[in-house]
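Novice: Handing over query05.cif, mmCIF, C-alpha atoms.
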data_coords
loop_
_atom_site.label_atom_id
_atom_site.label_comp_id
_atom_site.auth_asym_id
_atom_site.auth_seq_id
_atom_site.Cartn_x
_atom_site.Cartn_y
_atom_site.Cartn_z
CA MET A 1 123.85 200.45 208.41
CA LYS A 2 125.52 197.03 208.10
CA THR A 3 128.09 195.99 205.52
CA LEU A 4 129.36 192.43 205.23
CA ILE A 5 132.56 191.62 203.34
CA LYS A 6 132.83 187.89 202.59
CA ASN A 7 135.79 185.58 201.94
CA VAL A 8 138.46 188.27 202.00
CA ASN A 9 142.16 187.99 202.85
CA ILE A 10 142.71 190.29 205.83
CA VAL A 11 146.20 191.72 206.36
CA ASN A 12 146.66 192.80 209.96
CA GLU A 13 149.36 192.70 212.67
CA GLY A 14 151.79 190.54 210.77
CA LYS A 15 149.24 187.96 209.60
CA ILE A 16 147.18 187.26 206.47
CA PHE A 17 144.06 185.17 206.97
CA GLU A 18 140.82 184.53 205.07
CA SER A 19 137.74 185.78 206.90
CA ASP A 20 134.42 187.55 206.78
CA ILE A 21 134.11 190.98 208.37
CA LEU A 22 131.00 192.82 209.52
CA ILE A 23 130.81 196.59 209.73
CA GLU A 24 128.01 198.15 211.78
CA ASN A 25 127.63 201.91 211.37
CA ASP A 26 131.21 203.22 211.75
CA ILE A 27 132.71 200.27 213.66
CA ILE A 28 134.18 196.87 212.80
CA SER A 29 131.77 194.75 214.83
CA LYS A 30 132.79 191.18 213.95
CA ILE A 31 135.66 189.31 212.30
CA ALA A 32 134.96 185.58 211.87
CA SER A 33 135.38 182.80 209.35
CA ALA A 34 131.67 182.61 208.45
CA ILE A 35 129.29 185.45 209.27
CA SER A 36 125.70 184.89 208.16
CA GLU A 37 123.99 188.04 209.47
CA ASP A 38 121.69 190.11 207.30
CA ALA A 39 123.42 193.20 205.95
CA ASP A 40 122.46 196.27 203.94
CA GLN A 41 125.27 195.55 201.51
CA ILE A 42 127.33 192.43 200.92
CA ILE A 43 130.67 192.60 199.10
CA ASP A 44 132.38 189.49 197.82
CA GLY A 45 136.04 189.87 198.71
CA ALA A 46 137.16 186.54 197.24
CA GLY A 47 140.71 186.79 195.94
CA LYS A 48 141.11 190.34 197.25
CA TYR A 49 143.01 191.72 200.24
CA LEU A 50 141.57 193.90 203.00
CA LEU A 51 143.97 196.33 204.66
CA PRO A 52 143.46 198.93 207.36
CA GLY A 53 143.16 202.37 205.74
CA VAL A 54 146.47 204.15 205.20
CA ILE A 55 147.28 206.94 207.67
CA ASP A 56 149.49 209.47 205.88
CA ASP A 57 151.31 211.44 208.54
CA GLN A 58 152.59 214.18 206.23
CA VAL A 59 150.57 215.98 203.58
CA HIS A 60 150.24 219.55 202.34
CA PHE A 61 146.67 219.99 201.08
CA ARG A 62 147.29 223.73 200.50
CA GLU A 63 144.22 225.16 202.19
CA PRO A 64 143.88 227.96 203.13
CA GLY A 65 145.73 230.39 200.90
CA LEU A 66 147.27 228.17 198.22
CA THR A 67 144.14 226.57 196.82
CA HIS A 68 145.15 227.11 193.17
CA LYS A 69 147.49 224.12 193.78
CA GLY A 70 145.11 221.89 195.74
CA ASP A 71 142.52 222.07 198.51
CA ILE A 72 141.18 219.86 201.28
CA GLU A 73 138.27 218.66 199.15
CA THR A 74 140.22 217.74 195.99
CA GLU A 75 143.22 216.24 197.72
CA SER A 76 141.20 214.20 200.24
CA ARG A 77 139.19 212.80 197.30
CA SER A 78 142.51 211.75 195.76
CA ALA A 79 143.50 210.25 199.10
CA ILE A 80 140.51 207.93 199.44
CA ALA A 81 140.91 206.84 195.81
CA GLY A 82 144.40 205.73 196.85
CA GLY A 83 143.34 203.97 200.05
CA VAL A 84 144.43 206.79 202.38
CA THR A 85 141.63 207.14 204.95
CA SER A 86 143.36 209.56 207.37
CA PHE A 87 145.82 212.39 206.80
CA ILE A 88 147.90 214.74 208.93
CA ASP A 89 148.32 218.12 207.24
CA GLN A 90 151.21 220.52 207.78
CA PRO A 91 151.06 224.16 208.95
CA ASN A 92 152.80 225.94 206.04
CA THR A 93 149.57 227.18 204.49
CA VAL A 94 148.76 230.91 204.06
CA PRO A 95 148.51 232.18 206.69
CA ASN A 96 150.76 229.70 208.52
CA ALA A 97 148.91 227.74 211.22
CA VAL A 98 150.92 229.22 214.09
CA THR A 99 148.15 230.42 216.41
CA GLN A 100 145.32 228.44 218.01
CA GLU A 101 142.83 230.58 216.08
CA LEU A 102 144.45 229.90 212.69
CA LEU A 103 144.72 226.18 213.50
CA ALA A 104 141.01 226.13 214.45
CA ASP A 105 140.20 227.75 211.09
CA LYS A 106 141.80 224.82 209.24
CA TYR A 107 139.81 222.34 211.31
CA GLU A 108 136.61 224.23 210.52
CA ILE A 109 137.32 224.08 206.77
CA ALA A 110 138.07 220.35 206.98
CA SER A 111 134.83 219.66 208.89
CA GLN A 112 132.98 220.88 205.77
CA LYS A 113 135.27 219.56 203.02
CA ALA A 114 137.25 216.45 204.03
CA TYR A 115 136.47 213.08 202.44
CA ALA A 116 139.07 211.42 204.71
CA ASN A 117 139.79 211.73 208.45
CA TYR A 118 141.97 214.70 209.28
CA GLY A 119 144.48 216.10 211.73
CA PHE A 120 146.45 219.35 211.48
CA MET A 121 149.87 220.01 212.96
CA MET A 122 150.44 223.19 214.95
CA GLY A 123 153.34 225.19 213.51
CA GLY A 124 156.27 226.40 215.59
CA THR A 125 158.14 229.62 214.78
CA ASN A 126 160.94 231.61 216.35
CA ASP A 127 158.45 233.53 218.48
CA ASN A 128 155.20 231.62 219.14
CA LEU A 129 156.10 229.36 222.08
CA GLU A 130 153.11 230.61 224.09
CA GLU A 131 150.72 229.57 221.30
CA VAL A 132 152.47 226.22 220.85
CA LEU A 133 152.03 225.40 224.52
CA LYS A 134 148.26 225.98 224.31
CA THR A 135 147.88 223.10 221.82
CA ASN A 136 145.50 220.36 222.91
CA PRO A 137 147.16 216.91 222.57
CA ARG A 138 143.73 215.23 222.53
CA ASN A 139 142.76 216.59 219.13
CA VAL A 140 145.99 217.87 217.52
CA PRO A 141 148.63 215.34 216.39
CA GLY A 142 151.75 217.34 217.18
CA ILE A 143 153.99 220.36 216.66
CA LYS A 144 155.76 220.85 213.30
CA LEU A 145 159.10 222.63 213.03
CA PHE A 146 160.93 223.49 209.82
CA LEU A 147 164.64 223.41 210.65
CA GLY A 148 165.34 224.16 206.98
CA SER A 149 163.29 226.57 204.88
CA SER A 150 160.85 225.04 202.42
CA THR A 151 157.55 226.02 200.78
CA GLY A 152 155.96 228.87 202.79
CA ASN A 153 159.10 229.68 204.79
CA MET A 154 158.54 228.84 208.46
CA LEU A 155 162.21 228.43 209.33
CA VAL A 156 162.94 227.99 213.04
CA ASP A 157 166.64 228.72 213.49
CA ASN A 158 166.92 230.30 216.93
CA PRO A 159 168.73 227.75 219.17
CA GLU A 160 167.16 229.17 222.34
CA THR A 161 163.66 228.94 220.86
CA LEU A 162 164.27 225.35 219.76
CA GLU A 163 165.46 224.32 223.19
CA ASN A 164 162.42 226.01 224.76
CA ILE A 165 159.99 224.17 222.49
CA PHE A 166 161.75 220.83 222.99
CA SER A 167 161.91 221.31 226.78
CA ASN A 168 158.37 222.54 227.33
CA THR A 169 156.03 220.58 225.10
CA LYS A 170 154.93 217.05 225.94
CA MET A 171 153.54 216.64 222.44
CA LEU A 172 155.25 214.90 219.56
CA ILE A 173 157.53 217.29 217.65
CA ALA A 174 157.85 216.55 213.94
CA VAL A 175 160.77 218.13 212.11
CA HIS A 176 161.91 218.94 208.60
CA CYS A 177 165.70 218.65 208.92
CA GLU A 178 168.00 220.45 206.49
CA ASP A 179 170.76 222.85 207.51
CA GLU A 180 169.95 226.29 206.12
CA ALA A 181 173.51 227.68 206.06
CA THR A 182 174.79 224.66 204.12
CA ILE A 183 171.98 224.94 201.55
CA ARG A 184 172.51 228.68 201.06
CA ALA A 185 176.25 228.25 200.53
CA ASN A 186 175.67 225.39 198.05
CA THR A 187 172.98 227.35 196.18
CA GLN A 188 175.29 230.36 195.84
CA LYS A 189 178.08 228.19 194.48
CA TYR A 190 175.86 226.85 191.68
CA MET A 191 174.27 230.25 191.01
CA ASP A 192 177.72 231.74 190.52
CA GLU A 193 178.24 229.17 187.78
CA TYR A 194 174.78 228.88 186.19
CA GLY A 195 172.73 231.88 187.33
CA GLU A 196 169.03 231.23 188.03
CA ASP A 197 168.84 228.29 185.62
CA ILE A 198 170.82 225.71 187.61
CA PRO A 199 170.38 222.23 186.08
CA VAL A 200 168.00 220.36 188.41
CA LYS A 201 170.37 217.38 188.44
CA PHE A 202 172.43 219.33 191.01
CA HIS A 203 169.50 219.61 193.45
CA HIS A 204 170.75 216.69 195.55
CA LEU A 205 174.18 218.32 195.81
CA ILE A 206 172.66 221.66 196.87
CA ARG A 207 170.31 220.12 199.43
CA SER A 208 173.06 217.70 200.23
CA GLU A 209 173.70 214.74 202.49
CA GLU A 210 175.69 217.09 204.73
CA ALA A 211 172.77 219.54 205.00
CA CYS A 212 170.43 216.72 206.05
CA TYR A 213 172.76 214.98 208.48
CA LYS A 214 173.91 218.17 210.17
CA SER A 215 170.32 219.17 210.94
CA SER A 216 168.84 215.78 211.87
CA SER A 217 171.76 214.88 214.14
CA LYS A 218 171.36 218.24 215.95
CA ALA A 219 167.61 217.72 216.39
CA ILE A 220 168.18 214.24 217.79
CA GLU A 221 170.85 215.51 220.16
CA LEU A 222 168.41 218.15 221.43
CA ALA A 223 165.64 215.55 221.85
CA GLN A 224 167.98 213.31 223.83
CA LYS A 225 169.02 216.23 226.02
CA THR A 226 165.45 217.40 226.74
CA GLY A 227 163.55 214.09 226.63
CA ALA A 228 161.24 215.39 223.89
CA ARG A 229 159.32 213.04 221.58
CA LEU A 230 160.86 213.64 218.16
CA HIS A 231 159.69 212.39 214.76
CA VAL A 232 162.02 213.11 211.84
CA PHE A 233 160.14 213.54 208.57
CA HIS A 234 161.21 212.45 205.05
CA LEU A 235 164.68 211.02 205.59
CA SER A 236 166.72 210.87 202.40
CA THR A 237 170.34 209.83 203.12
CA ALA A 238 172.27 206.69 203.98
CA LYS A 239 174.29 208.62 206.55
CA GLU A 240 171.23 209.55 208.63
CA MET A 241 170.31 205.89 209.10
CA GLU A 242 172.98 205.54 211.81
CA LEU A 243 170.95 207.97 213.97
CA PHE A 244 168.00 205.62 214.49
CA ARG A 245 167.48 202.40 216.42
CA ASN A 246 165.45 199.21 216.05
CA ASP A 247 166.13 197.45 219.33
CA ILE A 248 163.00 198.64 221.17
CA PRO A 249 159.30 198.51 220.20
CA LEU A 250 157.88 201.56 218.45
CA LYS A 251 155.58 202.38 221.37
CA ASP A 252 158.66 202.86 223.58
CA LYS A 253 160.69 204.93 221.10
CA LYS A 254 161.11 208.62 221.87
CA ILE A 255 162.87 209.29 218.53
CA THR A 256 161.21 208.00 215.37
CA ALA A 257 161.71 208.20 211.62
CA GLU A 258 159.72 208.49 208.41
CA VAL A 259 160.58 207.81 204.79
CA CYS A 260 158.55 209.05 201.83
CA VAL A 261 157.47 207.05 198.81
CA HIS A 262 159.50 209.20 196.40
CA HIS A 263 162.78 208.60 198.23
CA LEU A 264 162.08 204.85 197.92
CA THR A 265 161.23 205.22 194.21
CA PHE A 266 163.48 207.73 192.45
CA THR A 267 167.21 208.54 192.43
CA ASN A 268 169.26 211.46 191.12
CA VAL A 269 169.54 209.63 187.76
CA ASP A 270 165.82 210.34 187.24
CA TYR A 271 166.39 214.12 187.14
CA ASP A 272 167.48 213.63 183.51
CA THR A 273 164.00 212.52 182.44
CA LYS A 274 161.71 213.95 185.15
CA GLY A 275 163.43 217.30 185.76
CA GLY A 276 161.68 219.65 188.18
CA LEU A 277 158.73 217.25 188.57
CA ILE A 278 160.85 215.27 191.07
CA LYS A 279 162.33 218.31 192.81
CA TRP A 280 161.57 217.72 196.49
CA ASN A 281 162.98 219.03 199.76
CA PRO A 282 164.87 217.05 200.97
CA ALA A 283 166.12 216.06 197.54
CA VAL A 284 165.93 212.64 195.95
CA LYS A 285 169.50 211.43 196.27
CA THR A 286 171.67 208.54 195.03
CA GLN A 287 171.07 204.83 194.53
CA LYS A 288 173.26 204.21 197.59
CA ASP A 289 170.96 206.42 199.66
CA LYS A 290 167.84 204.76 198.29
CA ASP A 291 169.23 201.29 199.06
CA ALA A 292 170.06 202.37 202.64
CA LEU A 293 166.54 203.76 203.14
CA TRP A 294 165.06 200.45 202.03
CA GLU A 295 167.36 198.53 204.36
CA ALA A 296 166.45 200.75 207.33
CA LEU A 297 162.74 200.53 206.49
CA LEU A 298 162.85 196.74 206.47
CA ASP A 299 164.90 196.43 209.66
CA ASP A 300 162.67 198.93 211.55
CA ARG A 301 165.06 201.83 212.03
CA ILE A 302 162.52 203.67 209.87
CA ASP A 303 159.04 203.46 211.36
CA VAL A 304 156.61 205.04 208.88
CA ILE A 305 156.04 205.46 205.13
CA ALA A 306 154.33 208.72 204.07
CA THR A 307 154.00 210.92 200.99
CA ASP A 308 154.80 214.55 201.83
CA HIS A 309 152.04 215.12 199.24
CA ALA A 310 152.71 218.69 198.06
CA PRO A 311 151.02 219.78 194.83
CA HIS A 312 152.12 222.73 192.69
CA THR A 313 150.75 223.75 189.31
CA ALA A 314 152.46 222.41 186.19
CA GLU A 315 153.27 226.00 185.27
CA GLU A 316 155.05 226.56 188.61
CA LYS A 317 157.03 223.33 188.21
CA ASN A 318 158.18 224.38 184.72
CA ASN A 319 160.06 227.40 186.05
CA VAL A 320 163.86 227.65 186.14
CA TYR A 321 165.52 225.91 189.09
CA THR A 322 165.53 228.80 191.57
CA LYS A 323 161.84 229.55 190.90
CA CYS A 324 160.67 225.92 190.62
CA PRO A 325 158.97 225.01 193.93
CA SER A 326 159.78 221.69 195.59
CA GLY A 327 157.08 219.08 196.08
CA ALA A 328 154.72 216.86 194.09
CA PRO A 329 151.33 215.16 194.50
CA LEU A 330 151.47 211.52 195.66
CA VAL A 331 148.58 210.68 197.98
CA GLN A 332 146.50 208.90 195.30
CA HIS A 333 149.38 206.55 194.48
CA SER A 334 151.40 205.83 197.64
CA LEU A 335 149.72 202.51 198.41
CA VAL A 336 149.89 201.20 194.83
CA VAL A 337 153.57 202.18 194.61
CA MET A 338 154.26 200.10 197.70
CA LEU A 339 152.09 197.24 196.41
CA GLU A 340 154.21 197.29 193.25
CA ASN A 341 157.28 196.89 195.45
CA TYR A 342 155.51 193.91 197.04
CA LYS A 343 154.90 192.44 193.58
CA ASN A 344 158.61 192.92 192.85
CA GLY A 345 159.62 191.05 196.02
CA LYS A 346 161.06 194.05 197.89
CA ILE A 347 158.60 194.14 200.82
CA SER A 348 155.81 191.98 202.27
CA LEU A 349 152.14 192.98 202.46
CA GLU A 350 152.34 192.68 206.24
CA LYS A 351 155.26 195.15 206.35
CA ILE A 352 153.45 197.63 204.07
CA VAL A 353 150.46 197.59 206.43
CA GLU A 354 152.75 197.95 209.45
CA LYS A 355 154.53 201.02 208.03
CA MET A 356 151.52 202.75 206.42
CA SER A 357 148.68 201.96 208.86
CA HIS A 358 149.70 200.38 212.17
CA ASN A 359 152.80 202.43 212.89
CA PRO A 360 151.39 205.91 212.17
CA ALA A 361 148.53 204.98 214.53
CA ILE A 362 150.95 203.83 217.26
CA LEU A 363 153.38 206.70 216.81
CA PHE A 364 150.75 209.46 216.85
CA ARG A 365 148.57 207.52 219.33
CA VAL A 366 145.60 207.76 216.96
CA GLU A 367 142.50 206.54 218.75
CA LYS A 368 140.80 203.38 217.40
CA ARG A 369 142.23 203.48 213.88
CA GLY A 370 145.03 201.88 211.89
CA PHE A 371 144.13 198.22 212.54
CA VAL A 372 141.54 195.67 211.37
CA LYS A 373 140.16 194.93 214.83
CA GLU A 374 136.74 194.51 216.38
CA GLY A 375 135.68 197.75 218.07
CA TYR A 376 137.91 199.89 215.84
CA LYS A 377 136.69 202.47 213.32
CA ALA A 378 135.97 200.87 209.97
CA ASP A 379 138.61 202.63 207.87
CA LEU A 380 139.37 199.87 205.38
CA VAL A 381 140.81 199.36 201.91
CA LEU A 382 140.08 196.51 199.53
CA VAL A 383 142.79 195.88 196.94
CA ASP A 384 143.02 193.70 193.87
CA LEU A 385 146.60 192.50 193.49
CA ASN A 386 146.01 191.44 189.88
CA ALA A 387 144.79 194.56 188.10
CA ASP A 388 146.95 196.20 185.45
CA TRP A 389 146.65 199.92 184.78
CA THR A 390 148.74 202.96 183.87
CA VAL A 391 148.87 206.36 185.54
CA SER A 392 147.65 208.97 183.05
CA LYS A 393 146.18 212.47 183.12
CA ASP A 394 142.65 211.10 182.72
CA ASN A 395 142.78 209.02 185.93
CA LEU A 396 144.40 211.66 188.16
CA LEU A 397 142.22 213.32 190.80
CA TYR A 398 144.76 215.91 191.98
CA LYS A 399 143.67 219.50 191.44
CA CYS A 400 147.06 220.28 189.88
CA GLY A 401 146.36 217.68 187.17
CA TRP A 402 149.80 216.06 186.91
CA SER A 403 151.89 213.39 188.61
CA PRO A 404 155.59 212.43 188.52
CA LEU A 405 154.31 208.85 188.06
CA GLU A 406 152.51 209.48 184.74
CA GLY A 407 153.23 206.68 182.30
CA MET A 408 154.11 204.20 185.04
CA ASN A 409 152.36 200.82 184.97
CA PHE A 410 150.94 199.24 188.10
CA HIS A 411 149.66 195.72 188.72
CA SER A 412 147.49 196.33 191.80
CA LYS A 413 144.49 198.57 192.31
CA VAL A 414 142.43 199.98 195.16
CA THR A 415 138.84 198.83 194.47
CA HIS A 416 136.98 199.95 197.62
CA THR A 417 137.73 202.41 200.42
CA PHE A 418 135.65 202.62 203.59
CA VAL A 419 135.82 205.74 205.76
CA ASN A 420 134.15 205.37 209.16
CA GLY A 421 132.15 202.41 207.89
CA HIS A 422 130.87 204.18 204.77
CA LEU A 423 131.80 202.97 201.29
CA ALA A 424 133.46 206.20 200.15
CA TYR A 425 135.19 204.87 197.01
CA ASP A 426 133.90 202.03 194.84
CA ASN A 427 135.76 200.94 191.68
CA GLY A 428 136.58 204.42 190.46
CA LYS A 429 133.50 206.17 191.83
CA ILE A 430 133.65 208.50 194.82
CA THR A 431 130.54 208.93 196.94
CA GLU A 432 129.75 212.64 196.99
CA GLU A 433 128.89 212.56 200.69
CA LYS A 434 131.90 213.36 202.90
CA PHE A 435 132.58 210.93 205.75
CA GLY A 436 135.85 212.31 207.18
CA GLU A 437 136.11 212.95 210.94
CA ARG A 438 138.59 214.79 213.13
CA LEU A 439 141.25 212.41 214.39
CA LEU A 440 141.55 212.00 218.15
CA PHE A 441 144.73 211.04 220.00
CA GLU A 442 145.31 209.17 223.23
CA VAL A 443 147.02 211.39 225.78
CA LYS A 444 149.74 209.74 227.86
CA GLU A 445 152.15 211.14 230.42
CA ASN A 446 155.32 210.74 228.34
#
Please, can you express the file's structure as structure tokens?

Specialist:
Amino acid sequence: MKTLIKNVNIVNEGKIFESDILIENDIISKIASAISEDADQIIDGAGKYLLPGVIDDQVHFREPGLTHKGDIETESRSAIAGGVTSFIDQPNTVPNAVTQELLADKYEIASQKAYANYGFMMGGTNDNLEEVLKTNPRNVPGIKLFLGSSTGNMLVDNPETLENIFSNTKMLIAVHCEDEATIRANTQKYMDEYGEDIPVKFHHLIRSEEACYKSSSKAIELAQKTGARLHVFHLSTAKEMELFRNDIPLKDKKITAEVCVHHLTFTNVDYDTKGGLIKWNPAVKTQKDKDALWEALLDDRIDVIATDHAPHTAEEKNNVYTKCPSGAPLVQHSLVVMLENYKNGKISLEKIVEKMSHNPAILFRVEKRGFVKEGYKADLVLVDLNADWTVSKDNLLYKCGWSPLEGMNFHSKVTHTFVNGHLAYDNGKITEEKFGERLLFEVKEN
């Protein structure tokens, strides 16, 4: 199978250039200014931009055990419609993926159901070090630790256990950092005043800057002490930005950082109109925090943009504060949100590609993906930067059927998504055949 894309603007490794690109089977075989080979399909890319597929390093697709909210099939369909060609899913499913057998079960499900390429994190607990150490770094992206409780409580709070995991695994350790004691004390304070129905506008004061900083600074201290590779998920505060550096290349960093689309988009002011729909852990915080996240993203203290895609039903999200789960679906819209920021002059196309495609590939050492390069897997996204549309219920693909972005207008659109060389999404239509593959990772000594 050969596909030829003509006259397209390719965005790759800090450059934008007009070119043709030839895909043969699952590989990018040729990038040149004029390719005249016969092809099974020819796409005119004139005026459009070709990006490497987005690699989302943090999603919760809810399978197994929570499939009333979302599942690997529905959420990976949403992903490819949004230009996300690879995802890394988290272990807080039911049961939690905390043994090799349970992790293998998730991979088996994905091999049947995934429209996009997939990786699953192994979960760490207070008592599964032996299982953690059996994890194969060739085909599992890393170890996930919840240092603050969140959906599907997998809290790891035993200092000895943490030190053991950090000291003994060579794999990347990804962490959710919020200090549990701080959150519990804050929650109690507001419950004493309001009972169960705490106004959601206080969420960022309950899951506070202090709770985040206390936990992330401790995790970083432990990583520095043990030499572990640490990746801190979904940063949300200005204060935490002082913990990260930008004076060495990403490939040499042992401690890395991620920001999520919602922390770059919303602030605490939005609780008044969005309510529980924008209740996330860690919480969306202040304008000052949002500004600091943007600054750190642009100066490379923050390495990766992700979604923390975490669907819940509308009914669940309409509960009172203490029963309203945190999380929201985002994987269909992360790229267009960032393209909107490009349109508004906040970030360049090259930087979007760096943070959403190149850097996740470098950080997780994903094999042969994340770049528009000859010999690499053809995971590609074609976008039209002049297409106006509005997010509404009738164009959502999430199983939960809602989005915190409903009613928002966008001026760019994903028109085509290729997964392993196959045209998986074409102007609103998803090919029913599933082309997702298990992600593989390069194994290095450190």

Novice: Evaluated on this file, the PyMOL selection byres ((chain A and resi 18) around 12) picks out some residues - which ones are they, written as a count of residues only?

Specialist: 24

Novice: With distances taken over all atoms listed in the file, which of A:Ile183, A:Ala314, A:Val54, A:Val140 is nearest to Lys399 in chain A?

Specialist: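 Going through A:Ile183, A:Ala314, A:Val54, A:Val140 one by one, the smallest distance to Lys399 in chain A is for A:Ala314.
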
Novice: Could you give me, as JSON lines, every range 96-188 of chain A residue with an atom at most 9 Å from range 213-235 of chain A, plus its closest atom pair and distance in Å to one decimal, counting all atoms listed in the file, rows ordered by chain then number?

Specialist:
{"residue": "A:Leu147", "atom": "CA", "partner": "A:Ser215", "partner_atom": "CA", "distance": 7.1}
{"residue": "A:Gly148", "atom": "CA", "partner": "A:Ser215", "partner_atom": "CA", "distance": 8.1}
{"residue": "A:Leu162", "atom": "CA", "partner": "A:Leu222", "partner_atom": "CA", "distance": 8.5}
{"residue": "A:Glu163", "atom": "CA", "partner": "A:Leu222", "partner_atom": "CA", "distance": 7.1}
{"residue": "A:Ile165", "atom": "CA", "partner": "A:Ala228", "partner_atom": "CA", "distance": 9.0}
{"residue": "A:Phe166", "atom": "CA", "partner": "A:Ala228", "partner_atom": "CA", "distance": 5.5}
{"residue": "A:Ser167", "atom": "CA", "partner": "A:Thr226", "partner_atom": "CA", "distance": 5.3}
{"residue": "A:Asn168", "atom": "CA", "partner": "A:Ala228", "partner_atom": "CA", "distance": 8.4}
{"residue": "A:Thr169", "atom": "CA", "partner": "A:Ala228", "partner_atom": "CA", "distance": 7.5}
{"residue": "A:Lys170", "atom": "CA", "partner": "A:Ala228", "partner_atom": "CA", "distance": 6.8}
{"residue": "A:Met171", "atom": "CA", "partner": "A:Arg229", "partner_atom": "CA", "distance": 6.9}
{"residue": "A:Leu172", "atom": "CA", "partner": "A:Arg229", "partner_atom": "CA", "distance": 4.9}
{"residue": "A:Ile173", "atom": "CA", "partner": "A:Leu230", "partner_atom": "CA", "distance": 5.0}
{"residue": "A:Ala174", "atom": "CA", "partner": "A:His231", "partner_atom": "CA", "distance": 4.6}
{"residue": "A:Val175", "atom": "CA", "partner": "A:Val232", "partner_atom": "CA", "distance": 5.2}
{"residue": "A:His176", "atom": "CA", "partner": "A:Phe233", "partner_atom": "CA", "distance": 5.7}
{"residue": "A:Cys177", "atom": "CA", "partner": "A:Ser215", "partner_atom": "CA", "distance": 5.1}
{"residue": "A:Glu178", "atom": "CA", "partner": "A:Ser215", "partner_atom": "CA", "distance": 5.2}
{"residue": "A:Asp179", "atom": "CA", "partner": "A:Ser215", "partner_atom": "CA", "distance": 5.0}
{"residue": "A:Glu180", "atom": "CA", "partner": "A:Ser215", "partner_atom": "CA", "distance": 8.6}
{"residue": "A:Thr182", "atom": "CA", "partner": "A:Lys214", "partner_atom": "CA", "distance": 8.9}

Novice: Pick out the closest residue to Lys69 in chain A from this set: A:Ser357, A:Thr93, A:Ser334, A:Ser236. Count only C-alpha atoms.

Specialist: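 For Lys69 in chain A, the nearest of the given residues is A:Thr93.
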
Novice: Near Ile23 in chain A, counting all atoms listed in the file, which residues have an atom at most 9 Å away, once you skip same-chain residues fewer than 4 positions from it, shown as a list of chain:residue names?

Specialist: A:Met1, A:Lys2, A:Thr3, A:Leu4, A:Ile5, A:Ile27, A:Ile28, A:Ser29, A:Lys30, A:Ala39, A:Ala378, A:Gly421

Novice: Just give me the gap between CA of Leu102 in chain A and CA of Thr74 in chain A in Å, one decimal is fine.

Specialist: 21.1 Å

Novice: Using the chain letters and numbers from the file, give me the residues hit by the PyMOL selection byres ((chain A and resi 358) around 9), as an NGL selection string.

Specialist: :A and (12-13 or 52 or 54-55 or 304 or 353-357 or 359-363 or 369-371)

Novice: Quick one: everything within 8 Å of range 256-270 of chain A, counting only C-alpha atoms, minus sequence neighbours fewer than 6 positions away in the same chain. Send it as a PyMOL selection string.

Specialist: chain A and resi 201+204+230-236+244+250+278+284-287+290+293-294+297+301-308+334+337-338

Novice: What would range 138-146 of chain A look like with N, CA, C and O atoms restored, written as a PDB file, in the coordinates of the input?

Specialist:
ATOM      1  N   ARG A 138     144.854 216.148 222.764  1.00  0.00           N
ATOM      2  CA  ARG A 138     143.730 215.230 222.530  1.00  0.00           C
ATOM      3  C   ARG A 138     143.257 215.294 221.076  1.00  0.00           C
ATOM      4  O   ARG A 138     142.840 214.283 220.511  1.00  0.00           O
ATOM      5  N   ASN A 139     143.312 216.479 220.492  1.00  0.00           N
ATOM      6  CA  ASN A 139     142.760 216.590 219.130  1.00  0.00           C
ATOM      7  C   ASN A 139     143.692 217.257 218.118  1.00  0.00           C
ATOM      8  O   ASN A 139     143.266 217.637 217.036  1.00  0.00           O
ATOM      9  N   VAL A 140     144.969 217.381 218.466  1.00  0.00           N
ATOM     10  CA  VAL A 140     145.990 217.870 217.520  1.00  0.00           C
ATOM     11  C   VAL A 140     147.156 216.870 217.566  1.00  0.00           C
ATOM     12  O   VAL A 140     147.612 216.496 218.642  1.00  0.00           O
ATOM     13  N   PRO A 141     147.637 216.421 216.401  1.00  0.00           N
ATOM     14  CA  PRO A 141     148.630 215.340 216.390  1.00  0.00           C
ATOM     15  C   PRO A 141     150.021 215.711 216.883  1.00  0.00           C
ATOM     16  O   PRO A 141     150.761 214.850 217.351  1.00  0.00           O
ATOM     17  N   GLY A 142     150.404 216.990 216.757  1.00  0.00           N
ATOM     18  CA  GLY A 142     151.750 217.340 217.180  1.00  0.00           C
ATOM     19  C   GLY A 142     152.140 218.742 216.760  1.00  0.00           C
ATOM     20  O   GLY A 142     151.331 219.506 216.225  1.00  0.00           O
ATOM     21  N   ILE A 143     153.403 219.062 217.001  1.00  0.00           N
ATOM     22  CA  ILE A 143     153.990 220.360 216.660  1.00  0.00           C
ATOM     23  C   ILE A 143     154.941 220.134 215.487  1.00  0.00           C
ATOM     24  O   ILE A 143     155.755 219.209 215.516  1.00  0.00           O
ATOM     25  N   LYS A 144     154.868 220.983 214.465  1.00  0.00           N
ATOM     26  CA  LYS A 144     155.760 220.850 213.300  1.00  0.00           C
ATOM     27  C   LYS A 144     156.763 222.002 213.288  1.00  0.00           C
ATOM     28  O   LYS A 144     156.395 223.165 213.396  1.00  0.00           O
ATOM     29  N   LEU A 145     158.032 221.632 213.128  1.00  0.00           N
ATOM     30  CA  LEU A 145     159.100 222.630 213.030  1.00  0.00           C
ATOM     31  C   LEU A 145     159.871 222.421 211.732  1.00  0.00           C
ATOM     32  O   LEU A 145     160.259 221.299 211.397  1.00  0.00           O
ATOM     33  N   PHE A 146     160.071 223.514 211.014  1.00  0.00           N
ATOM     34  CA  PHE A 146     160.930 223.490 209.820  1.00  0.00           C
ATOM     35  C   PHE A 146     162.312 223.964 210.246  1.00  0.00           C
ATOM     36  O   PHE A 146     162.502 225.150 210.541  1.00  0.00           O
TER      37      PHE A 146
END
